[in-house]
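Source file: model00.tsv; contents: TSV, C-alpha atoms.
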```tsv
chain	number	residue	atom	x	y	z
A	1	MET	CA	13.11	-12.32	16.73
A	2	ARG	CA	13.66	-11.21	20.27
A	3	TYR	CA	17.08	-10.13	21.43
A	4	ASN	CA	17.92	-11.49	24.83
A	5	GLY	CA	21.08	-9.44	25.41
A	6	GLU	CA	22.44	-11.67	28.16
A	7	THR	CA	24.85	-13.72	26.08
A	8	HIS	CA	26.74	-13.20	22.90
A	9	GLY	CA	27.30	-16.90	22.25
A	10	GLY	CA	30.90	-16.18	21.25
A	11	CYS	CA	29.87	-14.13	18.23
A	12	MET	CA	32.10	-11.23	19.24
A	13	GLU	CA	35.21	-13.38	19.64
A	14	GLY	CA	37.88	-12.09	17.27
A	15	CYS	CA	35.71	-9.23	16.05
A	16	PRO	CA	37.80	-6.29	14.81
A	17	ASP	CA	36.85	-2.71	15.53
A	18	GLY	CA	33.83	-1.43	13.69
A	19	GLN	CA	31.23	1.28	13.91
A	20	ALA	CA	28.39	-1.02	15.01
A	21	SER	CA	28.05	-1.40	18.76
A	22	ALA	CA	28.40	-4.81	20.40
A	23	TYR	CA	24.61	-4.84	20.86
A	24	GLU	CA	24.04	-4.12	17.14
A	25	ARG	CA	26.63	-6.72	16.06
A	26	LEU	CA	24.96	-9.34	18.22
A	27	TYR	CA	21.54	-8.47	16.81
A	28	MET	CA	22.82	-8.87	13.22
A	29	TYR	CA	24.62	-12.09	14.07
A	30	ASN	CA	21.52	-13.62	15.70
A	31	LEU	CA	19.27	-12.48	12.87
A	32	VAL	CA	21.47	-14.13	10.23
A	33	LYS	CA	21.64	-17.34	12.26
A	34	GLU	CA	17.84	-17.30	12.56
A	35	ILE	CA	16.80	-16.46	8.98
A	36	LYS	CA	19.69	-18.23	7.18
A	37	PRO	CA	19.82	-15.90	4.16
A	38	LEU	CA	21.08	-17.37	0.91
A	39	LEU	CA	22.01	-13.96	-0.51
A	40	SER	CA	22.87	-10.91	1.60
A	41	LEU	CA	24.17	-7.47	0.63
A	42	GLU	CA	25.80	-4.68	2.63
A	43	CYS	CA	26.12	-1.10	1.49
A	44	GLY	CA	29.08	0.35	3.38
A	45	THR	CA	31.78	-2.11	4.44
A	46	TRP	CA	33.88	0.62	6.06
A	47	LYS	CA	36.92	-1.24	7.47
A	48	GLY	CA	35.35	-4.70	7.70
A	49	GLY	CA	34.76	-4.84	11.44
A	50	GLY	CA	31.39	-4.67	13.14
A	51	SER	CA	28.52	-5.60	10.86
A	52	THR	CA	30.65	-7.13	8.09
A	53	PHE	CA	32.47	-9.40	10.51
A	54	SER	CA	29.30	-10.34	12.44
A	55	ILE	CA	27.29	-11.29	9.35
A	56	HIS	CA	30.21	-13.22	7.87
A	57	LYS	CA	30.76	-15.08	11.16
A	58	ALA	CA	27.08	-16.12	11.34
A	59	LEU	CA	27.11	-17.36	7.71
A	60	THR	CA	30.28	-19.32	8.39
A	61	GLU	CA	28.65	-20.97	11.39
A	62	ILE	CA	25.49	-21.93	9.50
A	63	ASN	CA	27.75	-23.01	6.61
A	64	ASP	CA	25.54	-21.51	3.92
A	65	GLY	CA	24.77	-18.28	2.07
A	66	LYS	CA	26.66	-15.62	0.17
A	67	PHE	CA	27.39	-12.13	1.48
A	68	HIS	CA	28.44	-9.29	-0.85
A	69	THR	CA	29.66	-6.12	0.83
A	70	PHE	CA	30.44	-2.85	-0.95
A	71	GLU	CA	32.84	0.00	-0.21
A	72	VAL	CA	33.79	2.87	-2.51
A	73	ASN	CA	36.70	4.22	-0.44
A	74	GLN	CA	39.97	2.51	-1.48
A	75	GLU	CA	41.63	2.90	1.94
A	76	PHE	CA	38.64	1.44	3.82
A	77	TYR	CA	38.32	-1.39	1.27
A	78	GLU	CA	41.99	-2.36	1.73
A	79	SER	CA	41.54	-2.33	5.50
A	80	ALA	CA	38.51	-4.61	5.16
A	81	ILE	CA	40.27	-7.03	2.79
A	82	SER	CA	43.09	-7.44	5.32
A	83	LYS	CA	40.65	-8.77	7.94
A	84	PHE	CA	39.44	-11.78	5.95
A	85	PRO	CA	41.32	-14.84	4.68
A	86	GLN	CA	42.13	-14.79	0.97
A	87	LYS	CA	39.46	-17.32	0.06
A	88	CYS	CA	36.42	-16.91	2.28
A	89	GLN	CA	33.63	-19.13	1.09
A	90	PHE	CA	30.76	-16.93	2.25
A	91	ILE	CA	31.88	-13.32	1.63
A	92	GLU	CA	32.90	-11.19	-1.33
A	93	LEU	CA	34.22	-7.71	-0.67
A	94	HIS	CA	33.75	-5.28	-3.55
A	95	LEU	CA	35.44	-1.97	-4.28
A	96	GLN	CA	32.33	-0.87	-6.10
A	97	SER	CA	29.14	1.09	-5.74
A	98	PHE	CA	26.30	-0.83	-4.10
A	99	VAL	CA	23.80	0.71	-6.55
A	100	ASP	CA	25.86	-0.32	-9.59
A	101	TYR	CA	26.04	-3.94	-8.41
A	102	ALA	CA	22.47	-4.21	-7.12
A	103	SER	CA	21.12	-2.84	-10.40
A	104	THR	CA	22.42	-6.01	-12.12
A	105	LEU	CA	20.41	-8.31	-9.83
A	106	GLU	CA	16.95	-9.64	-10.54
A	107	SER	CA	14.06	-8.11	-8.64
A	108	GLU	CA	13.12	-9.91	-5.42
A	109	SER	CA	16.31	-12.01	-5.35
A	110	VAL	CA	17.94	-10.99	-2.04
A	111	ASP	CA	17.11	-12.19	1.48
A	112	LEU	CA	18.87	-9.55	3.60
A	113	VAL	CA	20.27	-6.06	2.98
A	114	LEU	CA	22.18	-3.93	5.45
A	115	VAL	CA	22.30	-0.25	4.54
A	116	ASP	CA	24.93	1.51	6.60
A	117	SER	CA	25.00	5.30	6.86
A	118	VAL	CA	24.94	7.04	3.50
A	119	ASP	CA	25.38	10.75	4.18
A	120	ASP	CA	24.13	12.06	0.82
A	121	PRO	CA	20.27	12.08	0.76
A	122	VAL	CA	20.10	11.66	-3.03
A	123	LEU	CA	22.47	8.67	-2.97
A	124	ASN	CA	20.68	7.26	0.08
A	125	LYS	CA	17.43	7.39	-1.85
A	126	GLN	CA	19.04	5.46	-4.74
A	127	VAL	CA	20.50	2.86	-2.36
A	128	LEU	CA	17.19	2.33	-0.56
A	129	LEU	CA	15.05	2.21	-3.71
A	130	GLU	CA	17.42	-0.37	-5.22
A	131	THR	CA	17.29	-2.29	-1.93
A	132	PHE	CA	13.49	-2.28	-2.01
A	133	ARG	CA	13.56	-3.63	-5.57
A	134	VAL	CA	15.96	-6.53	-4.95
A	135	LEU	CA	14.56	-7.68	-1.60
A	136	LYS	CA	12.36	-10.78	-1.70
A	137	PRO	CA	8.92	-10.61	-0.10
A	138	LYS	CA	9.49	-11.23	3.62
A	139	GLY	CA	13.13	-10.19	3.04
A	140	HIS	CA	14.89	-8.28	5.79
A	141	ILE	CA	16.37	-4.79	5.71
A	142	LEU	CA	18.64	-3.43	8.40
A	143	ILE	CA	19.23	0.31	8.30
A	144	HIS	CA	22.16	1.39	10.45
A	145	ASP	CA	23.17	4.88	11.49
A	146	PHE	CA	20.60	6.52	9.21
A	147	PRO	CA	21.36	10.24	8.91
A	148	ASP	CA	18.85	12.81	10.11
A	149	TYR	CA	17.90	14.96	7.15
A	150	GLU	CA	15.53	17.21	9.10
A	151	ASP	CA	17.64	20.31	8.52
A	152	ILE	CA	18.29	19.67	4.83
A	153	GLN	CA	16.00	21.49	2.39
A	154	ILE	CA	15.37	18.47	0.18
A	155	ASN	CA	12.42	16.12	-0.15
A	156	GLU	CA	14.38	13.20	-1.63
A	157	ILE	CA	14.24	11.14	1.54
A	158	GLU	CA	10.47	11.61	2.02
A	159	VAL	CA	9.85	9.29	-0.94
A	160	VAL	CA	11.88	6.62	0.81
A	161	LYS	CA	10.17	7.11	4.18
A	162	ASP	CA	6.71	6.81	2.58
A	163	TYR	CA	7.71	3.69	0.64
A	164	LEU	CA	9.13	2.10	3.77
A	165	LYS	CA	5.95	2.84	5.75
A	166	ASN	CA	3.69	1.41	3.04
A	167	ASN	CA	5.68	-1.66	1.98
A	168	PHE	CA	7.53	-2.89	5.06
A	169	VAL	CA	6.67	-4.21	8.50
A	170	PHE	CA	8.64	-2.73	11.37
A	171	VAL	CA	10.37	-5.43	13.46
A	172	ASN	CA	12.73	-3.68	15.86
A	173	TYR	CA	14.67	-0.51	16.54
A	174	LEU	CA	17.69	-0.76	18.81
A	175	GLU	CA	17.77	2.28	21.04
A	176	ASN	CA	20.87	3.51	22.85
A	177	THR	CA	22.96	2.72	19.77
A	178	THR	CA	23.86	4.69	16.66
A	179	GLY	CA	20.52	3.45	15.41
A	180	LEU	CA	19.66	0.09	13.88
A	181	MET	CA	16.22	-0.39	12.38
A	182	HIS	CA	15.01	-3.82	11.27
A	183	CYS	CA	12.05	-4.22	8.90
A	184	THR	CA	10.69	-6.96	6.66
A	185	LYS	CA	9.19	-6.50	3.23
A	186	LYS	CA	5.46	-7.21	2.98
```

This entry written out as structure tokens:
Amino acid sequence: MRYNGETHGGCMEGCPDGQASAYERLYMYNLVKEIKPLLSLECGTWKGGGSTFSIHKALTEINDGKFHTFEVNQEFYESAISKFPQKCQFIELHLQSFVDYASTLESESVDLVLVDSVDDPVLNKQVLLETFRVLKPKGHILIHDFPDYEDIQINEIEVVKDYLKNNFVFVNYLENTTGLMHCTKK
């Protein structure tokens, strides 16, 4: 997919504040409209703006798919819940750990996963390894605002980097943003 950047096709209309930039939101929105995922997961809802809103809006427009988004912070979860109608057909917001939920899914059952900034390298490793397990072949992973662990004396994240290099195809990296990497599973 190539991002044209000249138009947002109305995808930002009504979008609440979020941590993803307008450029990143548009990229996610266009990707979802293009690949039409039946099952999508997001680790890190935050307050429901940005990525959560953009993915939900695209699914609503294609009128298909299910999007599960996970937040462990009660205050952020309540903020996110307030942004969506009571009965949204395409989204379920969970006050739950992404890893706990994903571990109940069958292997290779998910079309798209967005992993949004997990600051703890050990937890990030768990999130990414579970993501790798549940993604279908040719499934898409978006990694947003990935922390830089260069100064941390821990090799946990090296396992993840090696797995990503060996099992995924790089698609795009949006520069001049907080960092959004897009890869597909081989």

In Å to one decimal, how far is CA of His144 (chain A) from CA of Lys66 (chain A)?
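The value is 20.4 Å.
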
Find the residue from A:Tyr27, A:Lys186, A:Ser21, A:Cys43 that sits nearest to Tyr173 (chain A); use all atoms listed in the file when measuring.
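The shortest atom-to-atom distance to Tyr173 (chain A) comes from A:Tyr27.
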
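Of the listed residues A:Val127, A:Leu31, A:Ala22, A:Leu38, the one whose atoms come nearest to Cys183 (chain A) is A:Leu31, with distances taken using all atoms listed in the file.
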
Could you tell me how far CA of Leu129 (chain A) sits from CA of Leu164 (chain A), in Å to one decimal place?
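A separation of 9.5 Å between them.
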
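The residue that comes closest to Glu130 (chain A), out of A:Leu59, A:Val118, A:Leu105, A:Val32 and on the basis of all atoms listed in the file, is A:Leu105.
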
How many Å separate CA of Asp111 (chain A) from CA of Pro37 (chain A)?
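These atoms are spaced 5.3 Å apart.
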
Within 10 Å of (23.2, 1.7, -5.5) (coordinates as in the file), grab all the protein and nucleic acid residues, counting all atoms listed in the file, and write them out as a PyMOL selection string.
chain A and resi 43+70+96-103+123-131

My list of candidates is A:Thr45, A:Thr184, A:Ser51, A:Asn166. Which is closest to Leu26 (chain A) when distances are computed with only C-alpha atoms?
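Checking each of A:Thr45, A:Thr184, A:Ser51, A:Asn166 against Leu26 (chain A), counting only C-alpha atoms, the winner is A:Ser51.
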
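Distance annotation: of A:Leu114, A:Tyr163, A:Gly50, A:Val134, the residue with the minimal separation from Tyr23 (chain A) is A:Gly50; atom set is all atoms listed in the file.
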
Step by step, gather every atom of region 64-69 of chain A that the file lists, find the box along x, y and z that holds them, add 4 Å on each side, and finally give centre and edge lengths in Å to one decimal, as JSON.
```
{"center_x": 27.2, "center_y": -13.8, "center_z": 1.5, "size_x": 12.9, "size_y": 23.4, "size_z": 12.8}
```

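Distances to Phe53 (chain A) were evaluated for A:Glu75, A:Glu92, A:Glu34, A:Glu108 using all atoms listed in the file, and the minimum falls at A:Glu92.
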
Fix up region 92-114 of chain A with N, CA and C atoms, then write it as a compact mmCIF listing (two decimals), keeping the file's coordinate frame.
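Output (out22.txt):
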```
# COMPACT_ATOMS: atom_id res chain seq x y z
N GLU A 92 32.16 -11.87 -0.27
CA GLU A 92 32.90 -11.19 -1.33
C GLU A 92 32.89 -9.71 -1.01
N LEU A 93 34.09 -9.14 -0.90
CA LEU A 93 34.22 -7.71 -0.67
C LEU A 93 34.45 -7.03 -2.01
N HIS A 94 33.69 -5.97 -2.26
CA HIS A 94 33.75 -5.28 -3.55
C HIS A 94 34.18 -3.83 -3.36
N LEU A 95 35.12 -3.39 -4.18
CA LEU A 95 35.44 -1.97 -4.28
C LEU A 95 34.58 -1.45 -5.42
N GLN A 96 33.34 -1.17 -5.09
CA GLN A 96 32.33 -0.87 -6.10
C GLN A 96 31.12 -0.23 -5.43
N SER A 97 30.37 0.49 -6.21
CA SER A 97 29.14 1.09 -5.74
C SER A 97 28.07 0.01 -5.52
N PHE A 98 27.41 0.08 -4.39
CA PHE A 98 26.30 -0.83 -4.10
C PHE A 98 25.22 -0.72 -5.18
N VAL A 99 24.87 0.50 -5.56
CA VAL A 99 23.80 0.71 -6.55
C VAL A 99 24.18 0.09 -7.89
N ASP A 100 25.43 0.27 -8.32
CA ASP A 100 25.86 -0.32 -9.59
C ASP A 100 25.73 -1.83 -9.58
N TYR A 101 26.13 -2.47 -8.50
CA TYR A 101 26.04 -3.94 -8.41
C TYR A 101 24.59 -4.40 -8.29
N ALA A 102 23.85 -3.79 -7.37
CA ALA A 102 22.47 -4.21 -7.12
C ALA A 102 21.61 -4.06 -8.37
N SER A 103 21.92 -3.06 -9.19
CA SER A 103 21.12 -2.84 -10.40
C SER A 103 21.25 -3.99 -11.40
N THR A 104 22.25 -4.85 -11.23
CA THR A 104 22.42 -6.01 -12.12
C THR A 104 21.66 -7.24 -11.62
N LEU A 105 21.12 -7.17 -10.41
CA LEU A 105 20.41 -8.31 -9.83
C LEU A 105 18.95 -8.32 -10.25
N GLU A 106 18.38 -9.51 -10.26
CA GLU A 106 16.95 -9.64 -10.54
C GLU A 106 16.15 -9.07 -9.38
N SER A 107 14.97 -8.58 -9.69
CA SER A 107 14.06 -8.11 -8.64
C SER A 107 13.72 -9.26 -7.72
N GLU A 108 13.54 -8.95 -6.44
CA GLU A 108 13.12 -9.91 -5.42
C GLU A 108 14.02 -11.14 -5.39
N SER A 109 15.34 -10.91 -5.34
CA SER A 109 16.31 -12.01 -5.35
C SER A 109 17.19 -12.06 -4.10
N VAL A 110 17.04 -11.12 -3.18
CA VAL A 110 17.94 -10.99 -2.04
C VAL A 110 17.15 -11.18 -0.74
N ASP A 111 17.76 -11.89 0.21
CA ASP A 111 17.11 -12.19 1.48
C ASP A 111 17.32 -11.13 2.55
N LEU A 112 18.51 -10.49 2.55
CA LEU A 112 18.87 -9.55 3.60
C LEU A 112 19.75 -8.45 3.02
N VAL A 113 19.42 -7.20 3.36
CA VAL A 113 20.27 -6.06 2.98
C VAL A 113 20.52 -5.21 4.22
N LEU A 114 21.79 -4.88 4.41
CA LEU A 114 22.18 -3.93 5.45
C LEU A 114 22.62 -2.65 4.76
```
